[in-house]
file query-v5.cif (mmCIF, C-alpha atoms)
data_query
loop_
_atom_site.label_atom_id
_atom_site.label_comp_id
_atom_site.auth_asym_id
_atom_site.auth_seq_id
_atom_site.Cartn_x
_atom_site.Cartn_y
_atom_site.Cartn_z
CA MET N 6 0.00 0.00 0.00
CA THR N 7 2.91 2.40 0.56
CA GLY N 8 4.44 3.98 -2.49
CA ASN N 9 7.86 5.11 -3.54
CA HIS N 10 6.99 8.74 -2.88
CA THR N 11 9.78 11.14 -2.26
CA ALA N 12 9.69 14.47 -0.54
CA THR N 13 10.43 17.64 -2.43
CA LEU N 14 12.87 20.05 -0.80
CA THR N 15 12.99 23.66 -2.00
CA LEU N 16 14.63 26.84 -0.73
CA PRO N 17 11.98 29.57 -1.11
CA ALA N 18 14.10 32.23 0.66
CA ASP N 19 17.59 32.60 2.12
CA ASP N 20 16.23 31.70 5.57
CA GLN N 21 13.78 28.93 4.61
CA ILE N 22 13.62 25.24 3.76
CA LEU N 23 10.34 23.86 2.43
CA ILE N 24 9.55 20.16 2.39
CA THR N 25 6.43 18.74 0.75
CA ARG N 26 5.37 15.12 0.57
CA ASP N 27 2.28 12.99 0.04
CA PHE N 28 1.57 9.90 2.15
CA ARG N 29 -0.75 7.06 1.21
CA ALA N 30 -2.42 7.12 4.61
CA PRO N 31 -5.23 9.12 6.20
CA ARG N 32 -4.30 12.41 7.84
CA ARG N 33 -5.42 11.27 11.30
CA LEU N 34 -2.94 8.37 11.16
CA VAL N 35 -0.03 10.46 9.81
CA TYR N 36 -0.73 13.03 12.52
CA ARG N 37 -0.96 10.35 15.21
CA ALA N 38 2.39 8.88 14.14
CA TRP N 39 3.86 12.42 14.20
CA THR N 40 2.56 13.26 17.68
CA THR N 41 2.81 10.02 19.71
CA PRO N 42 6.22 9.46 21.35
CA GLU N 43 6.17 5.66 21.01
CA LEU N 44 5.37 6.00 17.31
CA VAL N 45 7.89 8.82 16.70
CA LYS N 46 10.61 6.43 17.91
CA ARG N 47 9.72 4.11 15.03
CA TRP N 48 10.22 6.58 12.16
CA TRP N 49 12.13 9.71 13.19
CA CYS N 50 15.66 8.36 12.60
CA GLY N 51 14.92 6.81 9.25
CA GLU N 52 17.72 4.29 8.73
CA ARG N 53 20.37 6.36 10.54
CA GLY N 54 20.08 5.07 14.10
CA THR N 55 17.63 4.69 16.95
CA LEU N 56 15.63 7.28 18.80
CA ASP N 57 16.33 6.50 22.45
CA THR N 58 14.44 9.47 23.90
CA ALA N 59 11.20 10.97 22.61
CA GLU N 60 9.92 13.30 25.31
CA MET N 61 6.87 15.29 24.22
CA ASP N 62 4.72 17.59 26.31
CA PHE N 63 2.43 18.02 23.33
CA ARG N 64 0.62 21.25 24.14
CA VAL N 65 1.19 24.92 23.31
CA GLY N 66 4.13 26.00 25.49
CA GLY N 67 5.11 22.37 26.09
CA ALA N 68 8.66 21.19 25.53
CA TRP N 69 9.97 18.30 23.47
CA ARG N 70 13.37 16.56 23.27
CA TYR N 71 14.64 13.75 21.04
CA VAL N 72 17.95 11.94 21.57
CA MET N 73 19.17 9.65 18.81
CA THR N 74 22.04 7.19 18.80
CA ALA N 75 23.42 7.24 15.28
CA ASN N 76 24.52 4.00 13.63
CA ALA N 77 28.12 5.20 14.07
CA GLY N 78 27.59 5.20 17.86
CA PHE N 79 27.43 8.92 18.68
CA GLU N 80 24.45 10.77 20.14
CA VAL N 81 22.55 13.59 18.47
CA ALA N 82 19.95 15.58 20.40
CA PHE N 83 17.32 18.16 19.51
CA HIS N 84 14.82 20.07 21.64
CA GLY N 85 12.27 22.83 21.39
CA GLU N 86 8.86 24.13 22.32
CA TYR N 87 5.43 23.82 20.76
CA ARG N 88 4.06 27.23 19.74
CA GLU N 89 0.82 26.32 17.98
CA ILE N 90 -1.23 23.14 17.68
CA VAL N 91 -4.38 22.69 15.60
CA PRO N 92 -5.19 18.98 15.97
CA GLU N 93 -4.72 17.01 12.74
CA GLU N 94 -4.06 20.23 10.80
CA ARG N 95 -1.09 22.32 11.92
CA ILE N 96 1.85 22.27 14.34
CA VAL N 97 4.38 25.06 14.91
CA TRP N 98 7.46 24.34 17.03
CA THR N 99 11.00 25.50 17.65
CA GLU N 100 13.97 23.19 17.07
CA VAL N 101 17.44 23.47 18.56
CA PHE N 102 20.29 21.15 17.57
CA GLU N 103 22.13 20.48 20.82
CA GLY N 104 25.85 20.48 20.19
CA ALA N 105 25.61 22.27 16.84
CA PRO N 106 29.16 22.44 15.42
CA GLY N 107 30.92 25.68 16.23
CA MET N 108 28.13 27.00 18.47
CA THR N 109 27.76 27.41 22.20
CA ALA N 110 24.49 26.28 23.76
CA GLU N 111 23.41 29.93 23.87
CA GLU N 112 24.22 30.43 20.19
CA ALA N 113 22.32 27.25 19.30
CA GLU N 114 19.27 28.57 21.17
CA ALA N 115 19.57 31.92 19.39
CA ASN N 116 19.68 30.11 16.04
CA ALA N 117 16.66 27.89 16.75
CA ALA N 118 14.62 26.94 13.73
CA VAL N 119 10.89 27.53 13.68
CA ASN N 120 9.06 24.70 11.93
CA THR N 121 5.49 24.79 10.65
CA ALA N 122 3.86 21.55 9.52
CA VAL N 123 0.49 21.57 7.77
CA PHE N 124 -1.41 18.33 7.15
CA THR N 125 -4.20 18.12 4.56
CA GLU N 126 -6.04 15.12 3.11
CA LYS N 127 -7.74 14.35 -0.16
CA ASP N 128 -9.09 10.92 -1.12
CA GLY N 129 -7.19 9.18 1.68
CA VAL N 130 -3.84 10.75 0.74
CA THR N 131 -2.24 13.08 3.27
CA SER N 132 -0.17 16.00 2.04
CA LEU N 133 2.47 17.44 4.35
CA TRP N 134 3.79 20.98 3.87
CA MET N 135 6.63 21.74 6.29
CA LEU N 136 8.44 25.06 6.38
CA THR N 137 11.63 25.51 8.40
CA GLU N 138 12.62 29.12 9.09
CA VAL N 139 16.08 29.96 10.42
CA PRO N 140 17.88 33.23 11.23
CA ASP N 141 19.86 33.47 7.99
CA ARG N 142 21.31 31.78 4.92
CA THR N 143 24.40 30.57 6.81
CA VAL N 144 22.26 28.52 9.21
CA ARG N 145 20.03 27.30 6.37
CA ASP N 146 23.03 26.18 4.33
CA ALA N 147 24.62 24.44 7.33
CA ILE N 148 21.42 22.42 7.76
CA ILE N 149 21.34 21.48 4.06
CA GLU N 150 25.07 20.60 4.05
CA SER N 151 24.64 18.34 7.10
CA GLY N 152 23.11 15.68 4.86
CA MET N 153 19.63 16.33 6.21
CA GLU N 154 17.92 15.67 2.90
CA GLY N 155 18.95 12.02 2.73
CA GLY N 156 17.92 11.44 6.33
CA MET N 157 14.66 13.28 5.80
CA GLN N 158 13.80 11.11 2.78
CA GLU N 159 14.37 7.96 4.88
CA GLN N 160 12.38 9.50 7.73
CA MET N 161 9.39 10.34 5.52
CA ALA N 162 9.40 6.85 3.95
CA ALA N 163 9.38 5.28 7.42
CA LEU N 164 6.59 7.65 8.51
CA GLU N 165 4.45 6.64 5.54
CA LYS N 166 5.01 2.94 6.14
CA LEU N 167 4.14 3.30 9.83
CA ALA N 168 1.07 5.50 9.29
CA ALA N 169 -0.28 3.15 6.63
CA SER N 170 0.06 0.23 9.08
CA LEU N 171 -1.93 1.92 11.86
CA THR N 172 -5.63 1.37 12.40
CA GLY N 173 -8.31 3.51 13.97
#
call {"tool": "encode", "arguments": {"input": "query-v5.cif", "output": "structure tokens"}}
result
Amino acid sequence: MTGNHTATLTLPADDQILITRDFRAPRRLVYRAWTTPELVKRWWCGERGTLDTAEMDFRVGGAWRYVMTANAGFEVAFHGEYREIVPEERIVWTEVFEGAPGMTAEEAEANAAVNTAVFTEKDGVTSLWMLTEVPDRTVRDAIIESGMEGGMQEQMAALEKLAASLTG
């Protein structure tokens, strides 16, 4: 039932990354997989490691933190705060890469990305539109150069497979 969809990544402005992708699964199931810690652990790392920690206080003003052990054995951690939640439609959150190369913790916080994900559905296919906004082109380019696109493609494929397998 899952397809060989791929996400499209574009750079609409010097401080933005836009990802769009369709999933062969109902919106409620894609959203549930996106917002349930036990399910996030099953798709968020793609094929690049395991998500050991998925802490989510999923409410406006609530914090989240993910800690991944990469296949090479090192840890990678991200955290942020939920700014807006419209159930099954829209989520806005901040994202900080803990241990960002060349940045102090304070600089990483100051360079936090703001992500907006919008979920829509037509004929059982969910469309995701996700915009990442960062302070400037330097931060945007560092994210792109980190290899994020390959990981994101794996992540989105795993999300589709998981969402399509859910019931309810």
call {"tool": "resolve_selection", "arguments": {"input": "query-v5.cif", "expression": "the PyMOL selection byres ((chain N and resi 123) around 9)", "output": "PyMOL selection string"}}
result
chain N and resi 93-97+121-122+124-125+132-136
call {"tool": "residues_near_point", "arguments": {"input": "query-v5.cif", "point": "(-2.8, 9.6, 18.1)", "cutoff": "12 Å", "atoms": "only C-alpha atoms", "output": "list in words"}}
result
Arg32, Arg33, Leu34, Val35, Tyr36, Arg37, Ala38, Trp39, Thr40, Thr41, Pro42, Glu43, Leu44, Val45, Phe63, Pro92, Glu93, Ala168, Leu171, Thr172 and Gly173 of chain N
call {"tool": "closest_residue", "arguments": {"input": "query-v5.cif", "among": "N:Leu167, N:Val65, N:Ala30, N:Met161", "to": "Thr13 of chain N", "atoms": "all atoms listed in the file"}}
result
N:Met161
call {"tool": "closest_residue", "arguments": {"input": "query-v5.cif", "among": "N:Glu100, N:Glu52, N:Glu126, N:Glu112", "to": "Gly155 of chain N", "atoms": "only C-alpha atoms"}}
result
N:Glu52
call {"tool": "residues_around", "arguments": {"input": "query-v5.cif", "residues": "Thr74 of chain N", "least_positions_apart": "3", "cutoff": "8 Å", "atoms": "only C-alpha atoms", "output": "ChimeraX atom specification"}}
result
/N:54-57,77-81
call {"tool": "closest_residue", "arguments": {"input": "query-v5.cif", "among": "N:Ala147, N:Met61, N:Cys50, N:Leu16", "to": "Met73 of chain N", "atoms": "all atoms listed in the file"}}
result
N:Cys50
call {"tool": "closest_residue", "arguments": {"input": "query-v5.cif", "among": "N:Glu89, N:Lys166, N:Pro140, N:Thr11", "to": "Arg64 of chain N", "atoms": "all atoms listed in the file"}}
result
N:Glu89
call {"tool": "closest_residue", "arguments": {"input": "query-v5.cif", "among": "N:Glu138, N:Val91, N:Glu60, N:Ala68", "to": "Pro17 of chain N", "atoms": "all atoms listed in the file"}}
result
N:Glu138
call {"tool": "atom_distance", "arguments": {"input": "query-v5.cif", "atom1": "atom CA of Ala82 of chain N", "atom2": "atom CA of Phe102 of chain N"}}
result
6.3 Å
